[in-house]
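The data block below is my_file37.cif; it holds mmCIF, C-alpha atoms.
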data_coords
loop_
_atom_site.label_atom_id
_atom_site.label_comp_id
_atom_site.auth_asym_id
_atom_site.auth_seq_id
_atom_site.Cartn_x
_atom_site.Cartn_y
_atom_site.Cartn_z
CA MET A 1440 68.43 127.45 135.22
CA SER A 1441 68.45 127.73 139.03
CA ALA A 1442 71.53 129.01 140.86
CA GLN A 1443 71.80 125.65 142.62
CA ARG A 1444 71.74 123.70 139.33
CA LEU A 1445 74.35 126.05 137.87
CA GLN A 1446 76.55 125.42 140.88
CA GLN A 1447 76.21 121.64 140.39
CA LEU A 1448 77.25 121.90 136.75
CA LYS A 1449 80.25 124.05 137.60
CA GLY A 1450 81.31 121.44 140.11
CA HIS A 1451 81.27 118.69 137.46
CA LEU A 1452 83.24 120.76 134.97
CA LEU A 1453 85.96 122.06 137.24
CA HIS A 1454 86.58 118.95 139.35
CA ASP A 1455 89.29 117.25 137.24
CA ASN A 1456 90.17 120.01 134.85
CA LYS A 1457 92.23 122.34 136.99
CA MET A 1458 94.39 123.43 134.08
CA SER A 1459 91.45 124.53 131.96
CA ALA A 1460 89.39 126.06 134.76
CA MET A 1461 89.74 129.43 133.11
CA ALA A 1462 89.65 128.26 129.49
CA GLY A 1463 86.16 127.70 128.13
CA PRO A 1464 86.85 125.86 124.86
CA VAL A 1465 88.49 122.42 124.85
CA SER A 1466 92.05 122.16 123.49
CA PRO A 1467 92.10 120.95 119.85
CA LEU A 1468 95.14 118.86 120.82
CA SER A 1469 94.92 116.27 123.56
CA THR A 1470 97.02 113.47 124.95
CA HIS A 1471 96.56 110.43 127.18
CA VAL A 1472 99.38 108.54 128.86
CA LEU A 1473 98.80 104.91 129.72
CA ASN A 1474 101.13 102.71 131.73
CA THR A 1475 100.52 99.46 129.91
CA ALA A 1476 102.87 97.51 132.16
CA MET A 1477 100.72 98.16 135.20
CA GLY A 1478 97.37 98.67 133.50
CA VAL A 1479 96.91 102.17 134.91
CA PRO A 1480 96.89 105.72 133.56
CA GLY A 1481 100.30 107.40 133.54
CA SER A 1482 99.46 110.02 136.13
CA ASN A 1483 101.67 112.82 137.46
CA MET A 1484 103.94 112.70 134.41
CA SER A 1485 105.53 115.97 133.30
CA LEU A 1486 105.19 116.85 129.67
CA SER A 1487 105.68 119.80 127.35
CA LEU A 1488 104.40 120.95 123.97
CA HIS A 1489 106.68 122.74 121.51
CA ARG A 1490 106.33 124.22 118.05
CA GLN A 1491 109.13 124.47 115.49
CA ASP A 1492 109.89 127.80 113.84
CA PRO A 1493 109.80 127.01 110.09
CA SER A 1494 112.60 129.42 109.18
CA THR A 1495 115.09 128.81 112.01
CA GLU A 1496 114.02 125.22 112.85
CA ALA A 1497 114.33 126.19 116.52
CA TRP A 1498 111.79 124.80 118.97
CA SER A 1499 109.65 127.15 121.10
CA LEU A 1500 107.98 125.94 124.25
CA ILE A 1501 104.21 126.41 124.20
CA THR A 1502 102.98 124.64 127.33
CA THR A 1503 104.26 122.56 130.19
CA GLY A 1504 101.98 120.43 132.28
CA THR A 1505 101.53 117.31 134.33
CA THR A 1506 99.12 114.51 133.60
CA ASN A 1507 96.20 114.19 135.98
CA GLU A 1508 94.93 111.04 137.74
CA ASP A 1509 93.50 109.83 134.46
CA GLY A 1510 96.78 110.35 132.56
CA ARG A 1511 95.37 113.34 130.68
CA CYS A 1512 96.47 116.94 130.44
CA PRO A 1513 93.61 119.27 129.52
CA GLY A 1514 94.22 122.75 128.13
CA LEU A 1515 97.37 121.93 126.15
CA ILE A 1516 96.82 124.68 123.62
CA SER A 1517 94.13 127.19 122.68
CA LYS A 1518 92.40 127.18 119.30
CA GLN A 1519 94.00 130.56 118.56
CA MET A 1520 97.53 129.32 119.11
CA PHE A 1521 96.98 126.08 117.24
CA VAL A 1522 98.34 127.07 113.84
CA PRO A 1523 99.67 124.72 111.13
CA GLY A 1524 103.22 123.61 111.77
CA VAL A 1525 105.53 120.98 113.18
CA TYR A 1526 104.89 120.24 116.86
CA LYS A 1527 106.62 118.12 119.48
CA MET A 1528 105.19 116.52 122.62
CA ARG A 1529 107.90 115.62 125.10
CA PHE A 1530 106.99 113.17 127.86
CA GLU A 1531 109.29 112.92 130.91
CA THR A 1532 108.96 109.15 131.05
CA GLY A 1533 112.34 108.53 132.74
CA GLN A 1534 111.38 110.79 135.64
CA TYR A 1535 108.00 109.08 135.82
CA TRP A 1536 109.48 105.59 136.26
CA GLU A 1537 112.09 106.90 138.69
CA THR A 1538 109.33 108.38 140.87
CA ILE A 1539 107.76 104.95 141.19
CA GLY A 1540 111.15 103.41 141.97
CA GLU A 1541 111.90 101.80 138.60
CA SER A 1542 114.49 102.17 135.87
CA SER A 1543 113.53 102.54 132.22
CA PHE A 1544 115.12 102.07 128.82
CA TYR A 1545 114.04 105.52 127.60
CA PRO A 1546 115.07 108.73 129.45
CA TYR A 1547 112.17 110.56 127.75
CA VAL A 1548 109.90 110.21 124.74
CA GLU A 1549 109.48 112.88 122.10
CA ILE A 1550 106.78 112.61 119.46
CA VAL A 1551 107.13 115.04 116.55
CA PHE A 1552 104.09 115.51 114.35
CA ILE A 1553 102.76 117.73 111.57
CA ILE A 1554 99.56 119.74 111.82
CA LYS A 1555 98.28 120.74 108.40
CA ASP A 1556 94.63 121.33 109.28
CA PRO A 1557 94.21 122.91 112.73
CA GLY A 1558 90.43 122.79 112.28
CA GLN A 1559 90.51 119.09 113.18
CA ARG A 1560 90.95 117.57 116.60
CA TYR A 1561 94.15 115.67 117.30
CA HIS A 1562 94.81 113.11 120.00
CA VAL A 1563 98.46 112.10 120.54
CA PRO A 1564 98.46 109.35 123.19
CA LEU A 1565 101.43 107.51 124.65
CA LEU A 1566 101.13 103.87 125.65
CA LEU A 1567 104.13 103.06 127.71
CA SER A 1568 106.00 100.43 129.67
CA ARG A 1569 109.58 100.48 130.98
CA PHE A 1570 110.83 98.87 127.76
CA SER A 1571 108.37 99.88 125.04
CA TYR A 1572 106.08 102.64 123.86
CA SER A 1573 103.66 103.41 121.10
CA THR A 1574 101.66 106.32 119.80
CA TYR A 1575 99.02 106.95 117.16
CA ARG A 1576 97.09 109.81 115.67
CA GLY A 1577 93.65 109.84 117.25
CA SER A 1578 90.89 112.42 117.29
CA MET B 120 133.29 105.00 111.03
CA THR B 121 131.43 101.78 110.35
CA GLU B 122 128.91 102.09 107.55
CA CYS B 123 125.64 100.24 107.39
CA VAL B 124 125.81 97.74 104.52
CA PRO B 125 124.35 99.34 101.37
CA SER B 126 121.18 97.62 100.28
CA ASN B 127 122.61 96.51 96.94
CA THR B 128 125.61 94.73 98.49
CA ASP B 129 125.97 91.05 97.69
CA LEU B 130 126.28 89.55 101.15
CA SER B 131 127.14 86.09 99.83
CA THR B 132 130.72 86.96 98.89
CA PRO B 133 133.42 85.66 101.27
CA VAL B 134 134.59 89.18 102.16
CA HIS B 135 131.18 90.33 103.24
CA GLN B 136 130.34 87.10 105.07
CA THR B 137 133.51 87.48 107.12
CA MET B 138 132.78 91.14 107.71
CA ALA B 139 129.22 90.45 108.80
CA ALA B 140 130.26 87.59 111.12
CA ALA B 141 133.21 89.37 112.69
CA GLU B 142 131.51 92.71 113.16
CA SER B 143 127.98 91.78 114.22
CA SER B 144 126.72 94.98 115.73
CA PRO B 145 125.58 94.76 119.37
CA LEU B 146 122.82 97.20 118.39
CA THR B 147 120.33 96.28 115.68
CA THR B 148 117.09 97.64 114.31
CA HIS B 149 114.22 96.45 112.12
CA VAL B 150 111.68 98.74 110.52
CA LEU B 151 108.26 97.35 109.64
CA ASN B 152 105.60 99.09 107.59
CA THR B 153 102.41 97.81 109.20
CA GLY B 154 100.28 99.92 106.89
CA ASP B 155 101.30 97.74 103.95
CA GLY B 156 102.46 94.64 105.82
CA VAL B 157 106.02 94.80 104.47
CA PRO B 158 109.50 95.56 105.76
CA ALA B 159 110.32 99.24 105.35
CA ALA B 160 113.12 99.04 102.80
CA ARG B 161 115.38 101.92 101.82
CA MET B 162 114.58 104.07 104.84
CA ALA B 163 117.36 106.42 105.87
CA LEU B 164 118.33 106.35 109.51
CA SER B 165 121.11 107.59 111.77
CA LEU B 166 122.61 106.68 115.13
CA HIS B 167 123.76 109.35 117.58
CA ARG B 168 125.27 109.42 121.05
CA LEU B 169 124.84 112.23 123.55
CA ASP B 170 128.01 113.95 124.75
CA THR B 171 127.13 114.57 128.39
CA ASN B 172 129.70 117.35 128.80
CA THR B 173 128.31 119.52 126.03
CA MET B 174 124.82 117.99 125.84
CA ILE B 175 125.29 117.78 122.08
CA TRP B 176 124.38 114.79 119.93
CA ASN B 177 127.26 113.29 117.96
CA MET B 178 126.32 111.35 114.85
CA LEU B 179 127.98 107.92 114.86
CA ASN B 180 126.57 106.37 111.71
CA VAL B 181 124.12 106.87 108.88
CA GLY B 182 122.59 104.15 106.80
CA THR B 183 119.63 102.89 104.85
CA THR B 184 117.52 99.84 105.64
CA ASP B 185 117.89 96.86 103.32
CA GLN B 186 115.10 94.92 101.59
CA ASP B 187 114.29 93.27 104.90
CA GLY B 188 114.02 96.59 106.76
CA ARG B 189 117.28 95.96 108.61
CA CYS B 190 120.53 97.87 108.81
CA PRO B 191 123.49 95.67 109.75
CA GLY B 192 126.72 97.15 111.03
CA LEU B 193 125.15 100.00 113.02
CA ILE B 194 128.00 100.16 115.51
CA SER B 195 131.11 98.15 116.38
CA ARG B 196 131.55 96.49 119.77
CA ASP B 197 134.48 98.81 120.50
CA ALA B 198 132.51 101.97 119.87
CA PHE B 199 129.49 100.76 121.84
CA THR B 200 130.06 102.37 125.24
CA SER B 201 127.55 103.13 127.99
CA GLY B 202 125.58 106.27 127.35
CA THR B 203 122.47 107.87 125.91
CA TYR B 204 121.82 107.05 122.26
CA LYS B 205 119.33 108.15 119.66
CA LEU B 206 118.14 106.33 116.57
CA ARG B 207 116.52 108.70 114.12
CA PHE B 208 114.33 107.16 111.41
CA GLU B 209 113.50 109.29 108.36
CA THR B 210 109.93 108.05 108.23
CA GLY B 211 108.51 111.17 106.55
CA GLN B 212 110.94 110.81 103.63
CA TYR B 213 110.10 107.13 103.41
CA TRP B 214 106.36 107.69 103.07
CA LYS B 215 106.95 110.54 100.63
CA SER B 216 109.01 108.23 98.41
CA LEU B 217 105.95 105.95 98.31
CA GLY B 218 103.77 108.91 97.32
CA GLN B 219 102.08 109.19 100.72
CA THR B 220 101.83 111.73 103.49
CA SER B 221 102.44 110.90 107.12
CA PHE B 222 101.58 112.40 110.50
CA TYR B 223 105.21 112.23 111.68
CA PRO B 224 108.10 113.92 109.78
CA TYR B 225 110.53 111.50 111.48
CA ALA B 226 110.70 109.25 114.52
CA GLU B 227 113.47 109.51 117.07
CA VAL B 228 113.95 106.89 119.76
CA VAL B 229 116.23 107.95 122.63
CA PHE B 230 117.48 105.18 124.89
CA THR B 231 119.97 104.51 127.68
CA ILE B 232 122.68 101.85 127.45
CA SER B 233 123.94 100.89 130.90
CA ASP B 234 125.41 97.51 129.99
CA PRO B 235 127.00 97.56 126.52
CA GLN B 236 127.88 93.85 126.82
CA GLN B 237 124.28 92.96 126.08
CA ARG B 238 122.65 92.93 122.67
CA PHE B 239 120.00 95.53 121.98
CA HIS B 240 117.34 95.40 119.29
CA ILE B 241 115.42 98.64 118.68
CA PRO B 242 112.71 97.98 116.10
CA LEU B 243 110.28 100.53 114.70
CA ILE B 244 106.85 99.23 113.84
CA MET B 245 105.08 101.95 111.95
CA SER B 246 102.28 103.11 109.70
CA ARG B 247 101.48 106.59 108.35
CA PHE B 248 99.61 107.45 111.58
CA SER B 249 101.25 105.39 114.33
CA TYR B 250 104.49 103.88 115.51
CA SER B 251 105.81 101.76 118.30
CA THR B 252 109.13 100.49 119.55
CA TYR B 253 110.42 98.12 122.21
CA ARG B 254 113.66 96.93 123.69
CA GLY B 255 114.51 93.57 122.16
CA SER B 256 117.68 91.52 122.08
#

Turn this file's structure into structure tokens for me.
Amino acid sequence: MSAQRLQQLKGHLLHDNKMSAMAGPVSPLSTHVLNTAMGVPGSNMSLSLHRQDPSTEAWSLITTGTTNEDGRCPGLISKQMFVPGVYKMRFETGQYWETIGESSFYPYVEIVFIIKDPGQRYHVPLLLSRFSYSTYRGS
Amino acid sequence: MTECVPSNTDLSTPVHQTMAAAESSPLTTHVLNTGDGVPAARMALSLHRLDTNTMIWNMLNVGTTDQDGRCPGLISRDAFTSGTYKLRFETGQYWKSLGQTSFYPYAEVVFTISDPQQRFHIPLIMSRFSYSTYRGS
């Protein structure tokens, strides 16, 4: 492969994936926030991933991030850290609506889910308006 | 503390009709099992309000959905003040009682009440691998 071609490929890979610029492998857990009221991705939304300690039931913060232009947040967790357990994605939806000058019924959204088989890929999207939201287990 | 009406209560008796009419909760819910196309009956749930001084959740009521997936008497008009509330649905327990697993151990919906004079309907439409909610009336 020529040096020029390699440079082109690097450009494609790093353009929208600032968070995972250093991480080679793709996160086994992904999300996608969609603003269904306006028909656009939910971009620039803060979110955080947490895991629950099975003995104390306390939550530990694993990652914080902000959705990109496409409403995604690459590099949420590495394969190594993705062990079986109870996880929580917290989306700062109230802040998001406030930033675009609107109120919202929900100050934030937390989705708690169980990972039994970390060998699979998991997609935990959030489809959101000011007065509704939904989520599903994708891959 | 107002209790949700137990699912085996006969709502046709005069006492309960009066109770239901006089104390119609300004906050209602409805849980639907879209996996099976039925109301989610006998699901445990609880209502909480956030104490903004301590940032601790206070439990206001616990109950179980009836045959229609509803839980009347969630809160009285007097107790329904402005604030941040949380409805916690024990969805994991529900699916387990039907002999099924689920992706979510429970579902919590946190919402803000600015005008407690209105009526608020917070349904949960759910399957083993998805759920949604909206602000109804």

Exercise. Identify all residues satisfying the PyMOL selection byres ((chain B and resi 206-213) around 8) in the given file; provide them as a ChimeraX atom specification.
Key: /B:161-167,204-205,214-217,220-221,223-229

Quiz prompt | Shell around Asn177 of chain B at 8 Å using all atoms listed in the file, local window under 4 positions removed, as JSON, numbers by chain | solution = {"B": [167, 168, 169, 170]}

Practice problem: Spell out the residues picked by the PyMOL selection byres ((chain B) within 7 of (chain A)) here, as a PyMOL selection string. | Solution: chain B and resi 222-224+229-231+248-254

Is it possible to get the residues within 12 Å of (94.2, 103.1, 133.5) (coordinates as in the file, counting all atoms listed in the file) written as a PDB file with C-alpha atoms, keeping the file's coordinate frame?
ATOM      1  CA  HIS A1471      96.560 110.430 127.180  1.00  0.00           C
ATOM      2  CA  VAL A1472      99.380 108.540 128.860  1.00  0.00           C
ATOM      3  CA  LEU A1473      98.800 104.910 129.720  1.00  0.00           C
ATOM      4  CA  ASN A1474     101.130 102.710 131.730  1.00  0.00           C
ATOM      5  CA  THR A1475     100.520  99.460 129.910  1.00  0.00           C
ATOM      6  CA  ALA A1476     102.870  97.510 132.160  1.00  0.00           C
ATOM      7  CA  MET A1477     100.720  98.160 135.200  1.00  0.00           C
ATOM      8  CA  GLY A1478      97.370  98.670 133.500  1.00  0.00           C
ATOM      9  CA  VAL A1479      96.910 102.170 134.910  1.00  0.00           C
ATOM     10  CA  PRO A1480      96.890 105.720 133.560  1.00  0.00           C
ATOM     11  CA  GLY A1481     100.300 107.400 133.540  1.00  0.00           C
ATOM     12  CA  SER A1482      99.460 110.020 136.130  1.00  0.00           C
ATOM     13  CA  ASN A1507      96.200 114.190 135.980  1.00  0.00           C
ATOM     14  CA  GLU A1508      94.930 111.040 137.740  1.00  0.00           C
ATOM     15  CA  ASP A1509      93.500 109.830 134.460  1.00  0.00           C
ATOM     16  CA  GLY A1510      96.780 110.350 132.560  1.00  0.00           C
ATOM     17  CA  ARG A1511      95.370 113.340 130.680  1.00  0.00           C
ATOM     18  CA  LEU A1566     101.130 103.870 125.650  1.00  0.00           C
ATOM     19  CA  LEU A1567     104.130 103.060 127.710  1.00  0.00           C
TER      20      LEU A1567
END

Practice problem: Measure the distance from atom CA of Asp187 of chain B to atom CA of Arg238 of chain B in Å and round it to one decimal. | Solution: 19.6 Å

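For the set A:Gln1491, A:Thr1503, A:Ser1517, A:Ser1485, the residue with the smallest atom-to-atom gap to Tyr1535 of chain A is A:Ser1485, counting only C-alpha atoms.
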
Quiz item: From the list A:Arg1529, A:Gly1524, A:Gln1534, A:Ile1539, which residue is nearest Ser1494 of chain A when using all atoms listed in the file?
Solution: A:Gly1524

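Once Pro1467 of chain A and its same-chain neighbours fewer than 6 positions away are set aside, A:Lys1518, A:Arg1560, A:Tyr1561 remain within 7 Å of it when counting only C-alpha atoms.
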
Exercise. Provide the atom CA of Met178 of chain B to atom CA of Gly202 of chain B distance in Å, to one decimal place.
Key: 13.5 Å

Self-check item: Distance in Å - atom CA of Leu151 of chain B versus atom CA of Gly182 of chain B
Solution: 16.1 Å

Self-check item: Long-range neighbours of Ala160 of chain B as a list in words, 6 Å cut-off, only C-alpha atoms, 4 positions minimum in chain
Solution: Thr184, Asp185, Gln186 and Gly188 of chain B

Could you take the residues named above and write them with C-alpha atoms, as a compact mmCIF listing (two decimals), in the coordinates of the input?
# COMPACT_ATOMS: atom_id res chain seq x y z
CA THR B 184 117.52 99.84 105.64
CA ASP B 185 117.89 96.86 103.32
CA GLN B 186 115.10 94.92 101.59
CA GLY B 188 114.02 96.59 106.76
